[in-house]
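Peer 1: This is the structure, below, for whatever I ask next.
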Amino acid sequence: MRRHGWALLFHGCLIDQLRKFHNAIQRAQRSDPTGFASHANIKLFHALSRLILEVIPQDPSLDEYRQGSTLGPRYRHWRRARIGRRFRLFFRYDARAKVIVYAWVNDRSALRSSGSGTDPYTVFARMLARGNPPDDWASVMTASRQDWRAEK
């Protein structure tokens, strides 16, 4: 999939999260067929889709996507986009190859628990340390898919 001249790739960690959102939307639609459009998961999914397909591909190098050392100095090359106050979408890009790899977005369950280690940055840093998603560019590209919708 290409948007604004960028090839968009989707890692399995993000695809899994998108499936969870999709399932939550289907549950909301079944439970409230007339009012489901105002459900929080639907609004979140629309905001996430717009961010992935339109906003970030316009310029993934924007300073607002830099996360500094929040993930630690080892992972400074990862970017994050904010969705409201609670959600973070993590991605990498290569300007020469014109490729963006979307890796993960936190879900509500990562934020329900209280205590340390439940914020999206800590969760994602642990995922990177375990190698899923992989941190190095070649591996994350190989592990990613071109079109998450084809995986349904």
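Simple scheme: letters A, B, ... for chains in structure tokens order, numbers from 1 for residues in each chain, numbers from 1 for ligands in the order shown.
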Extract, using only C-alpha atoms, all DNA, RNA and protein residues at most 7 Å from region 40-57 of chain A, discarding same-chain residues fewer than 3 positions from it, and format them as a list in words.
Peer 2: Arg3, His4, Trp6, Phe21, Ala24, Ile25, Ala37 and Pro60 of chain A
Peer 1: Determine which residues of chain A DSSP labels as alpha helix (DSSP H) from the backbone of this structure, then write them out as a ChimeraX atom specification.
Peer 2: /A:12-31,40-50,56-58,109-112,120-130,137-142
Peer 1: Any idea what the distance is between CA of Leu8 (chain A) and CA of Glu64 (chain A)?
Peer 2: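 We find that CA of Leu8 (chain A) and CA of Glu64 (chain A) lie 19.5 Å from each other.
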Peer 1: So that I can check the surroundings of region 68-79 of chain A, please list as a list in words every protein, DNA and RNA residue that reaches within 6 Å of it, counting only C-alpha atoms and ignoring chain neighbours fewer than 5 positions away.
Peer 2: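 Those residues are Phe90, Phe91, Arg92, Tyr121 and Ala125 of chain A.
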Peer 1: Which residues are near region 84-88 of chain A? Cut-off 8 Å, only C-alpha atoms, ignore same chain within fewer than 4 positions. Put them as a ChimeraX atom specification.
Peer 2: /A:80,105-107,111,120
Peer 1: What's the separation between CA of Gly12 (chain A) and CA of Arg96 (chain A), in Å to one decimal place?
Peer 2: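 According to the coordinates, CA of Gly12 (chain A) and CA of Arg96 (chain A) are separated by 23.8 Å.
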Peer 1: I need the residue nearest Ala97 (chain A) from this list: A:Phe36, A:Trp137, A:Phe10, A:Phe124. Use only C-alpha atoms for the distance.
Peer 2: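 Ranking A:Phe36, A:Trp137, A:Phe10, A:Phe124 by distance to Ala97 (chain A), first place goes to A:Trp137.
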